[in-house]
file run00.pdb (PDB, C-alpha atoms, pLDDT in the B column)
ATOM      1  CA  MET P 200     -18.508 -16.657  58.089  1.00 54.00           C
ATOM      2  CA  ILE P 201     -21.958 -18.210  58.313  1.00 58.00           C
ATOM      3  CA  TYR P 202     -23.457 -14.763  58.632  1.00 57.00           C
ATOM      4  CA  MET P 203     -21.869 -13.673  55.325  1.00 60.00           C
ATOM      5  CA  ALA P 204     -23.192 -16.762  53.550  1.00 59.00           C
ATOM      6  CA  GLN P 205     -26.659 -16.130  54.918  1.00 59.00           C
ATOM      7  CA  THR P 206     -26.459 -12.487  53.869  1.00 59.00           C
ATOM      8  CA  ALA P 207     -25.417 -13.489  50.369  1.00 57.00           C
ATOM      9  CA  LEU P 208     -28.409 -15.781  50.128  1.00 55.00           C
ATOM     10  CA  ALA P 209     -30.594 -13.016  51.464  1.00 52.00           C
ATOM     11  CA  TYR P 210     -29.682 -10.719  48.598  1.00 57.00           C
ATOM     12  CA  ARG P 211     -30.800 -13.349  46.127  1.00 61.00           C
ATOM     13  CA  GLN P 212     -34.133 -14.043  47.856  1.00 61.00           C
ATOM     14  CA  PRO P 213     -36.319 -11.006  48.616  1.00 62.00           C
ATOM     15  CA  ALA P 214     -38.154 -12.603  51.588  1.00 60.00           C
ATOM     16  CA  ARG P 215     -34.878 -13.347  53.373  1.00 59.00           C
ATOM     17  CA  ARG P 216     -33.544  -9.888  52.519  1.00 58.00           C
ATOM     18  CA  GLU P 217     -36.405  -8.296  54.385  1.00 62.00           C
ATOM     19  CA  TYR P 218     -35.859 -10.629  57.365  1.00 61.00           C
ATOM     20  CA  TYR P 219     -32.197  -9.686  57.714  1.00 59.00           C
ATOM     21  CA  ARG P 220     -32.911  -5.984  57.369  1.00 62.00           C
ATOM     22  CA  GLN P 221     -35.264  -6.110  60.285  1.00 60.00           C
ATOM     23  CA  GLN P 222     -32.779  -7.878  62.576  1.00 57.00           C
ATOM     24  CA  PRO P 223     -29.711  -5.661  62.947  1.00 54.00           C
ATOM     25  CA  GLU P 224     -28.838  -7.238  66.277  1.00 53.00           C
ATOM     26  CA  ARG P 225     -27.533 -10.351  64.556  1.00 54.00           C
ATOM     27  CA  ARG P 226     -24.620  -8.404  63.170  1.00 53.00           C
ATOM     28  CA  THR P 227     -21.709  -8.684  65.466  1.00 54.00           C
ATOM     29  CA  GLY P 228     -20.224  -5.385  66.514  1.00 53.00           C
ATOM     30  CA  GLN P 229     -21.584  -3.460  63.556  1.00 56.00           C
ATOM     31  CA  GLN P 230     -23.932  -0.616  63.575  1.00 59.00           C
ATOM     32  CA  THR P 231     -26.921  -0.590  61.332  1.00 60.00           C
ATOM     33  CA  ARG P 232     -26.155   1.040  58.019  1.00 65.00           C
ATOM     34  CA  ARG P 233     -28.250   3.688  56.519  1.00 72.00           C
ATOM     35  CA  GLU P 234     -29.585   3.268  53.052  1.00 79.00           C
ATOM     36  CA  LEU P 235     -27.677   5.306  50.484  1.00 77.00           C
ATOM     37  CA  GLN P 236     -29.249   6.967  47.537  1.00 76.00           C
ATOM     38  CA  VAL P 237     -27.294   8.109  44.532  1.00 71.00           C
ATOM     39  CA  LEU P 238     -28.365  11.534  43.409  1.00 69.00           C
ATOM     40  CA  THR P 239     -27.463  13.047  40.103  1.00 69.00           C
ATOM     41  CA  GLY P 240     -25.311  16.104  40.520  1.00 65.00           C
ATOM     42  CA  LYS P 241     -26.807  19.509  40.002  1.00 68.00           C
ATOM     43  CA  GLY P 242     -23.771  21.592  40.824  1.00 67.00           C
ATOM     44  CA  ILE P 243     -21.591  23.622  38.475  1.00 68.00           C
ATOM     45  CA  ASP P 244     -19.163  20.732  38.006  1.00 69.00           C
ATOM     46  CA  ALA P 245     -21.939  18.332  36.981  1.00 66.00           C
ATOM     47  CA  GLN P 246     -23.309  20.830  34.461  1.00 65.00           C
ATOM     48  CA  ASN P 247     -19.856  21.330  32.993  1.00 65.00           C
ATOM     49  CA  ARG P 248     -19.384  17.568  32.627  1.00 67.00           C
ATOM     50  CA  LYS P 249     -22.753  17.202  30.900  1.00 67.00           C
ATOM     51  CA  ALA P 250     -21.934  20.013  28.466  1.00 65.00           C
ATOM     52  CA  LEU P 251     -18.416  18.724  27.880  1.00 68.00           C
ATOM     53  CA  ALA P 252     -19.336  15.107  27.104  1.00 75.00           C
ATOM     54  CA  PRO P 253     -20.995  15.726  23.675  1.00 76.00           C
ATOM     55  CA  ALA P 254     -18.215  18.120  22.697  1.00 76.00           C
ATOM     56  CA  LEU P 255     -15.584  15.518  23.578  1.00 82.00           C
ATOM     57  CA  ARG P 256     -17.464  12.830  21.679  1.00 84.00           C
ATOM     58  CA  SER P 257     -17.677  14.953  18.556  1.00 88.00           C
ATOM     59  CA  LEU P 258     -14.025  15.961  18.906  1.00 90.00           C
ATOM     60  CA  PHE P 259     -13.063  12.297  19.277  1.00 91.00           C
ATOM     61  CA  LYS P 260     -15.092  11.385  16.176  1.00 93.00           C
ATOM     62  CA  VAL P 261     -13.434  14.174  14.201  1.00 95.00           C
ATOM     63  CA  ALA P 262     -10.009  12.982  15.356  1.00 96.00           C
ATOM     64  CA  ILE P 263     -10.758   9.386  14.328  1.00 97.00           C
ATOM     65  CA  VAL P 264     -12.082  10.445  10.914  1.00 97.00           C
ATOM     66  CA  SER P 265      -9.042  12.689  10.406  1.00 97.00           C
ATOM     67  CA  ALA P 266      -6.691   9.852  11.313  1.00 97.00           C
ATOM     68  CA  VAL P 267      -8.425   7.509   8.867  1.00 97.00           C
ATOM     69  CA  VAL P 268      -8.336  10.104   6.073  1.00 97.00           C
ATOM     70  CA  LEU P 269      -4.654  10.838   6.730  1.00 97.00           C
ATOM     71  CA  GLY P 270      -3.902   7.122   6.708  1.00 97.00           C
ATOM     72  CA  LEU P 271      -5.639   6.735   3.357  1.00 97.00           C
ATOM     73  CA  VAL P 272      -3.756   9.727   1.952  1.00 97.00           C
ATOM     74  CA  PHE P 273      -0.418   8.295   3.111  1.00 98.00           C
ATOM     75  CA  ILE P 274      -1.223   4.854   1.720  1.00 97.00           C
ATOM     76  CA  THR P 275      -2.219   6.423  -1.608  1.00 97.00           C
ATOM     77  CA  ARG P 276       0.959   8.474  -1.653  1.00 97.00           C
ATOM     78  CA  VAL P 277       3.129   5.423  -1.017  1.00 97.00           C
ATOM     79  CA  ALA P 278       1.308   3.481  -3.742  1.00 97.00           C
ATOM     80  CA  MET P 279       1.745   6.345  -6.225  1.00 97.00           C
ATOM     81  CA  THR P 280       5.438   6.681  -5.360  1.00 97.00           C
ATOM     82  CA  GLU P 281       5.954   2.949  -5.839  1.00 97.00           C
ATOM     83  CA  ALA P 282       4.155   3.046  -9.207  1.00 96.00           C
ATOM     84  CA  THR P 283       6.245   6.033 -10.295  1.00 97.00           C
ATOM     85  CA  MET P 284       9.480   4.313  -9.327  1.00 97.00           C
ATOM     86  CA  SER P 285       8.558   1.113 -11.172  1.00 96.00           C
ATOM     87  CA  MET P 286       7.686   3.147 -14.273  1.00 97.00           C
ATOM     88  CA  LEU P 287      11.018   4.978 -14.039  1.00 97.00           C
ATOM     89  CA  VAL P 288      12.880   1.664 -13.851  1.00 96.00           C
ATOM     90  CA  LYS P 289      10.993   0.324 -16.874  1.00 97.00           C
ATOM     91  CA  SER P 290      11.641   3.567 -18.760  1.00 97.00           C
ATOM     92  CA  GLU P 291      15.368   3.336 -18.011  1.00 96.00           C
ATOM     93  CA  GLN P 292      15.448  -0.274 -19.208  1.00 96.00           C
ATOM     94  CA  LEU P 293      13.686   0.716 -22.420  1.00 97.00           C
ATOM     95  CA  SER P 294      16.105   3.612 -22.950  1.00 97.00           C
ATOM     96  CA  GLN P 295      19.060   1.258 -22.570  1.00 96.00           C
ATOM     97  CA  SER P 296      17.485  -1.238 -24.968  1.00 96.00           C
ATOM     98  CA  ILE P 297      16.844   1.510 -27.544  1.00 97.00           C
ATOM     99  CA  ALA P 298      20.449   2.726 -27.274  1.00 96.00           C
ATOM    100  CA  ALA P 299      21.772  -0.823 -27.791  1.00 96.00           C
ATOM    101  CA  GLU P 300      19.557  -1.351 -30.848  1.00 97.00           C
ATOM    102  CA  ARG P 301      20.635   1.983 -32.340  1.00 96.00           C
ATOM    103  CA  LEU P 302      24.284   0.997 -31.920  1.00 96.00           C
ATOM    104  CA  ALA P 303      23.621  -2.364 -33.603  1.00 96.00           C
ATOM    105  CA  GLY P 304      21.789  -0.576 -36.445  1.00 95.00           C
ATOM    106  CA  THR P 305      24.694   1.827 -36.941  1.00 95.00           C
ATOM    107  CA  GLN P 306      27.148  -1.072 -37.072  1.00 95.00           C
ATOM    108  CA  LEU P 307      24.978  -2.830 -39.672  1.00 95.00           C
ATOM    109  CA  GLU P 308      24.872   0.315 -41.802  1.00 93.00           C
ATOM    110  CA  VAL P 309      28.682   0.574 -41.684  1.00 91.00           C
ATOM    111  CA  GLU P 310      29.019  -3.112 -42.644  1.00 89.00           C
ATOM    112  CA  TYR P 311      26.528  -2.674 -45.486  1.00 89.00           C
ATOM    113  CA  SER P 312      28.339   0.356 -46.867  1.00 85.00           C
ATOM    114  CA  LYS P 313      31.624  -1.559 -46.779  1.00 81.00           C
ATOM    115  CA  THR P 314      30.292  -4.576 -48.639  1.00 82.00           C
ATOM    116  CA  SER P 315      28.136  -2.760 -51.159  1.00 83.00           C
ATOM    117  CA  SER P 316      30.750  -0.554 -52.801  1.00 82.00           C
ATOM    118  CA  PRO P 317      32.089  -1.943 -56.145  1.00 83.00           C
ATOM    119  CA  ALA P 318      35.704  -1.303 -55.143  1.00 84.00           C
ATOM    120  CA  THR P 319      35.352  -3.453 -52.029  1.00 84.00           C
ATOM    121  CA  VAL P 320      33.689  -6.237 -53.990  1.00 83.00           C
ATOM    122  CA  GLN P 321      36.432  -6.161 -56.638  1.00 84.00           C
ATOM    123  CA  THR P 322      39.214  -6.170 -54.002  1.00 85.00           C
ATOM    124  CA  ALA P 323      37.620  -9.095 -52.161  1.00 84.00           C
ATOM    125  CA  ALA P 324      37.252 -11.053 -55.439  1.00 85.00           C
ATOM    126  CA  VAL P 325      40.873 -10.557 -56.407  1.00 87.00           C
ATOM    127  CA  ASN P 326      42.473 -11.019 -52.966  1.00 88.00           C
ATOM    128  CA  ASP P 327      40.211 -13.548 -51.254  1.00 86.00           C
ATOM    129  CA  LEU P 328      38.873 -15.616 -54.153  1.00 86.00           C
ATOM    130  CA  GLY P 329      41.804 -15.362 -56.582  1.00 85.00           C
ATOM    131  CA  MET P 330      39.747 -13.935 -59.403  1.00 87.00           C
ATOM    132  CA  ALA P 331      41.141 -11.573 -61.987  1.00 83.00           C
ATOM    133  CA  ALA P 332      39.531  -9.064 -64.258  1.00 77.00           C
ATOM    134  CA  ASP P 333      39.537  -9.925 -67.971  1.00 80.00           C
ATOM    135  CA  ASP P 334      41.115  -7.482 -70.432  1.00 82.00           C
ATOM    136  CA  GLN P 335      38.541  -8.109 -73.042  1.00 85.00           C
ATOM    137  CA  VAL P 336      34.823  -7.850 -72.500  1.00 81.00           C
ATOM    138  CA  GLU P 337      32.432  -9.570 -74.851  1.00 83.00           C
ATOM    139  CA  TYR P 338      28.778  -8.908 -75.020  1.00 84.00           C
ATOM    140  CA  LEU P 339      26.195 -11.408 -76.071  1.00 85.00           C
ATOM    141  CA  ARG P 340      23.135 -10.246 -77.883  1.00 85.00           C
ATOM    142  CA  ILE P 341      20.059 -12.296 -77.917  1.00 87.00           C
ATOM    143  CA  SER P 342      17.502 -11.300 -80.419  1.00 85.00           C
ATOM    144  CA  THR P 343      13.986 -12.391 -80.395  1.00 82.00           C
ATOM    145  CA  GLY P 344      12.771 -13.990 -83.557  1.00 73.00           C
ATOM    146  CA  GLY P 345      10.436 -11.942 -85.415  1.00 58.00           C
TER
END

call {"tool": "encode", "arguments": {"input": "run00.pdb", "output": "structure tokens"}}
result
Amino acid sequence: MIYMAQTALAYRQPARREYYRQQPERRTGQQTRRELQVLTGKGIDAQNRKALAPALRSLFKVAIVSAVVLGLVFITRVAMTEATMSMLVKSEQLSQSIAAERLAGTQLEVEYSKTSSPATVQTAAVNDLGMAADDQVEYLRISTGG
């Protein structure tokens, strides 16, 4: 346990790191490790991966842009459908209002025609008001002086 703590400190301090590298006998039951170097691949697989990475990036970008454009198209379509439906509802309400006003206008015309005819007026005067027509009609002439 102490060895691991000392090794951890050694990695933080370069002078100690060098000291522990030179003394492999302090390690209990372990063989000295060889230094590993990471080499970039130069085989066929590595070349394929390098060529494939930009193509995948551009394909991913195209897919993201397409998804965003499709989303905007769908949102626009939903908004247009909602606007169309609200206009249809308003149009239907206006049509119903126009029909009701036309019916009221027709009823007023019928009432007007009933009350404006001289026969109806004469019948209402005799029956409802108790008036009677005079047998004799007299006319009054007013002359202007001159």

call {"tool": "atom_distance", "arguments": {"input": "run00.pdb", "atom1": "atom CA of Arg256 of chain P", "atom2": "atom CA of Val272 of chain P"}}
result
24.2 Å

call {"tool": "atom_distance", "arguments": {"input": "run00.pdb", "atom1": "atom CA of Leu302 of chain P", "atom2": "atom CA of Ala318 of chain P"}}
result
26.0 Å

call {"tool": "closest_atom_pairs", "arguments": {"input": "run00.pdb", "of": "segment 230-324 of chain P", "to": "segment 332-342 of chain P", "cutoff": "12 Å", "atoms": "all atoms listed in the file", "output": "JSON lines"}}
result
{"residue": "P:Gln321", "atom": "CA", "partner": "P:Ala332", "partner_atom": "CA", "distance": 8.7}
{"residue": "P:Thr322", "atom": "CA", "partner": "P:Ala332", "partner_atom": "CA", "distance": 10.7}
{"residue": "P:Ala324", "atom": "CA", "partner": "P:Ala332", "partner_atom": "CA", "distance": 9.3}

call {"tool": "atom_distance", "arguments": {"input": "run00.pdb", "atom1": "atom CA of Thr314 of chain P", "atom2": "atom CA of Met330 of chain P"}}
result
17.1 Å
